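Structure record follows, encoded as structure tokens.
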Amino acid sequence: MDQDLTGLLHDWRAGDEVSRDRLLAQVYDTLRGMAAARLRRGRGDQTLQPTAVVNEALLRLLGTDTDWEDRAHFFALAALKMRAVLVDHARARAAEKRGGDVAMLTLSHADREAGDRAEYDVLALHQALERLAVRDERAARGLEMAYFGGMERREIACVLGISVPTVERDLRFARAWLNRQLA
């Protein structure tokens with residue numbers, strides 16, 4: 001499947017719209033699952049749904065002139081776009097409600113292994129990730145791919161061009177740093 005997605009990505013960038021449609025049909029459910037895993041469940045006032053996150057992220061992704069390398073690269077960029085959608089939505093709600101109802105985000109994928117099920121304000125998380133990027137850009141990118149993209153360590157290693165143990169060390173550091181910042 002990875003080779004098929006990579007082939008579809010390359011064919012799409014070469015101008016084949018049928019490949020684009022096949023690609024989007026294959027990845028849509030995965031992207032929707034990624035978005036659903038990031039949104040807190042059970043809030044009656046939650047206005048942003050996983051489908052809306054994916055649709056907006058895809059619109060932003062389709063509007064770029066990126067030369068896709070492979071499946072992992074595509075999902076890393078999708079994670080970045082989903083983060084941007086969540087942050088923009090949180091900013092709009094905070095401005096609308098004057099900060100009274102900011103969205104909360106469950107960082108379930110990366111925290112599942114650590115047994116931590118904390119929820120974070122999307123804007124606070126975004127600002128903390130920006131501060132982390134100043135200190136350690138690679139760790140921030142890895143954390144973003146794990147949290148927002150639901151990517152496996154192997155995929156993150158491939159995108160960043162580092163080893164899996166290095167990804168694991170970066171994520172441990174980033175998770176500890178993030179917990180300290182958001183505590």
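Each chain of the structure tokens is named A, B, ... in the order shown, its residues numbered from 1; ligands are numbered from 1 in display order.
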Please list as a PDB file with N, CA and C atoms, in the first residue's frame every residue within 9 Å of Leu31 (chain A), counting only C-alpha atoms and excluding residues in the same chain fewer than 5 positions away.
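Dumped to around_24.pdb:
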ATOM      1  N   ALA A  36      -9.931  12.714  14.393  1.00  0.00           N
ATOM      2  CA  ALA A  36     -10.824  12.296  15.482  1.00  0.00           C
ATOM      3  C   ALA A  36     -10.034  11.999  16.751  1.00  0.00           C
ATOM      4  N   PRO A  50     -14.207  16.048  13.175  1.00  0.00           N
ATOM      5  CA  PRO A  50     -13.074  15.493  12.428  1.00  0.00           C
ATOM      6  C   PRO A  50     -13.192  15.674  10.915  1.00  0.00           C
ATOM      7  N   THR A  51     -14.390  15.513  10.379  1.00  0.00           N
ATOM      8  CA  THR A  51     -14.585  15.677   8.939  1.00  0.00           C
ATOM      9  C   THR A  51     -14.243  17.097   8.502  1.00  0.00           C
ATOM     10  N   VAL A  54     -10.429  17.522   8.501  1.00  0.00           N
ATOM     11  CA  VAL A  54      -9.812  16.867   7.338  1.00  0.00           C
ATOM     12  C   VAL A  54     -10.097  17.653   6.070  1.00  0.00           C
ATOM     13  N   PHE A  75       1.721  12.326   4.935  1.00  0.00           N
ATOM     14  CA  PHE A  75       1.035  12.350   6.222  1.00  0.00           C
ATOM     15  C   PHE A  75       1.672  13.357   7.190  1.00  0.00           C
ATOM     16  N   ALA A  78       0.189  16.545   6.109  1.00  0.00           N
ATOM     17  CA  ALA A  78      -1.222  16.552   6.505  1.00  0.00           C
ATOM     18  C   ALA A  78      -1.344  16.875   7.996  1.00  0.00           C
ATOM     19  N   ALA A  79      -0.446  16.321   8.802  1.00  0.00           N
ATOM     20  CA  ALA A  79      -0.450  16.607  10.248  1.00  0.00           C
ATOM     21  C   ALA A  79      -0.221  18.091  10.494  1.00  0.00           C
ATOM     22  N   GLY A 149      -0.272  13.983  13.632  1.00  0.00           N
ATOM     23  CA  GLY A 149      -0.324  13.082  12.489  1.00  0.00           C
ATOM     24  C   GLY A 149      -0.535  11.636  12.846  1.00  0.00           C
TER      25      GLY A 149
END
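For region 11-50 of chain A, a DSSP pass over the backbone yields helix (DSSP H, G or I) at Asp11, Trp12, Arg13, Glu17, Val18, Ser19, Arg20, Asp21, Arg22, Leu23, Leu24, Ala25, Gln26, Val27, Tyr28, Asp29, Thr30, Leu31, Arg32, Gly33, Met34, Ala35, Ala36, Ala37, Arg38 and Pro50 of chain A.
Of note, CA of Val18 (chain A) and CA of Thr66 (chain A) are spaced 18.0 Å apart.
Here the question is which of A:Val134, A:Ala76, A:Ala14, A:Ala57 gets nearest to Ala157 (chain A) using only C-alpha atoms, and that residue is A:Ala76.
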**Report entry** Contact residues around region 161-169 of chain A with only C-alpha atoms at 10 Å, ignoring same-chain residues under 4 positions, as a list in words
**Finding:** Arg138, Ala139, Gly142, Leu143, Glu152, Arg153, Arg154, Glu155, Ile156, Ala157, Phe173, Ala174 and Arg175 of chain A
File of the preceding selection, N, CA and C atoms, as an mmCIF file, in the first residue's frame:
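Generated output (selection.cif):
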data_model
loop_
_atom_site.group_PDB
_atom_site.id
_atom_site.type_symbol
_atom_site.label_atom_id
_atom_site.label_comp_id
_atom_site.auth_asym_id
_atom_site.auth_seq_id
_atom_site.Cartn_x
_atom_site.Cartn_y
_atom_site.Cartn_z
ATOM 1 N N ARG A 138 13.942 19.712 15.711
ATOM 2 C CA ARG A 138 13.689 18.320 15.326
ATOM 3 C C ARG A 138 12.721 17.647 16.302
ATOM 4 N N ALA A 139 12.906 17.871 17.590
ATOM 5 C CA ALA A 139 12.013 17.280 18.589
ATOM 6 C C ALA A 139 10.597 17.825 18.424
ATOM 7 N N GLY A 142 9.040 16.181 15.363
ATOM 8 C CA GLY A 142 8.697 14.799 15.673
ATOM 9 C C GLY A 142 7.448 14.708 16.535
ATOM 10 N N LEU A 143 7.369 15.581 17.522
ATOM 11 C CA LEU A 143 6.202 15.606 18.403
ATOM 12 C C LEU A 143 4.950 15.972 17.618
ATOM 13 N N GLU A 152 3.791 6.759 13.265
ATOM 14 C CA GLU A 152 4.612 5.811 14.016
ATOM 15 C C GLU A 152 6.046 6.327 14.053
ATOM 16 N N ARG A 153 6.801 5.847 15.011
ATOM 17 C CA ARG A 153 8.199 6.271 15.147
ATOM 18 C C ARG A 153 9.015 5.991 13.884
ATOM 19 N N ARG A 154 8.758 4.860 13.264
ATOM 20 C CA ARG A 154 9.464 4.480 12.034
ATOM 21 C C ARG A 154 9.203 5.500 10.925
ATOM 22 N N GLU A 155 7.947 5.957 10.801
ATOM 23 C CA GLU A 155 7.590 6.941 9.781
ATOM 24 C C GLU A 155 8.223 8.298 10.081
ATOM 25 N N ILE A 156 8.219 8.672 11.342
ATOM 26 C CA ILE A 156 8.841 9.943 11.734
ATOM 27 C C ILE A 156 10.335 9.907 11.422
ATOM 28 N N ALA A 157 10.972 8.785 11.736
ATOM 29 C CA ALA A 157 12.403 8.629 11.453
ATOM 30 C C ALA A 157 12.676 8.789 9.963
ATOM 31 N N PHE A 173 12.105 13.571 25.355
ATOM 32 C CA PHE A 173 12.499 14.921 25.754
ATOM 33 C C PHE A 173 11.354 15.900 25.508
ATOM 34 N N ALA A 174 10.775 15.866 24.298
ATOM 35 C CA ALA A 174 9.726 16.814 23.937
ATOM 36 C C ALA A 174 8.494 16.645 24.826
ATOM 37 N N ARG A 175 8.127 15.420 25.121
ATOM 38 C CA ARG A 175 6.967 15.159 25.971
ATOM 39 C C ARG A 175 7.204 15.707 27.392
#
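The spacing separating CA of Asp70 (chain A) from CA of Thr6 (chain A) amounts to 4.7 Å.
Distance annotation: of A:Asp65, A:Asp4, A:Glu130, A:Glu17, the residue with the minimal separation from Leu77 (chain A) is A:Asp65; atom set is only C-alpha atoms.
CA of His126 (chain A) sits 10.5 Å away from CA of Leu178 (chain A).
The nearest approach to Gly7 (chain A) among the residues A:Glu137, A:Val53, A:Val85, A:Arg71, with only C-alpha atoms taken into account, belongs to A:Arg71.
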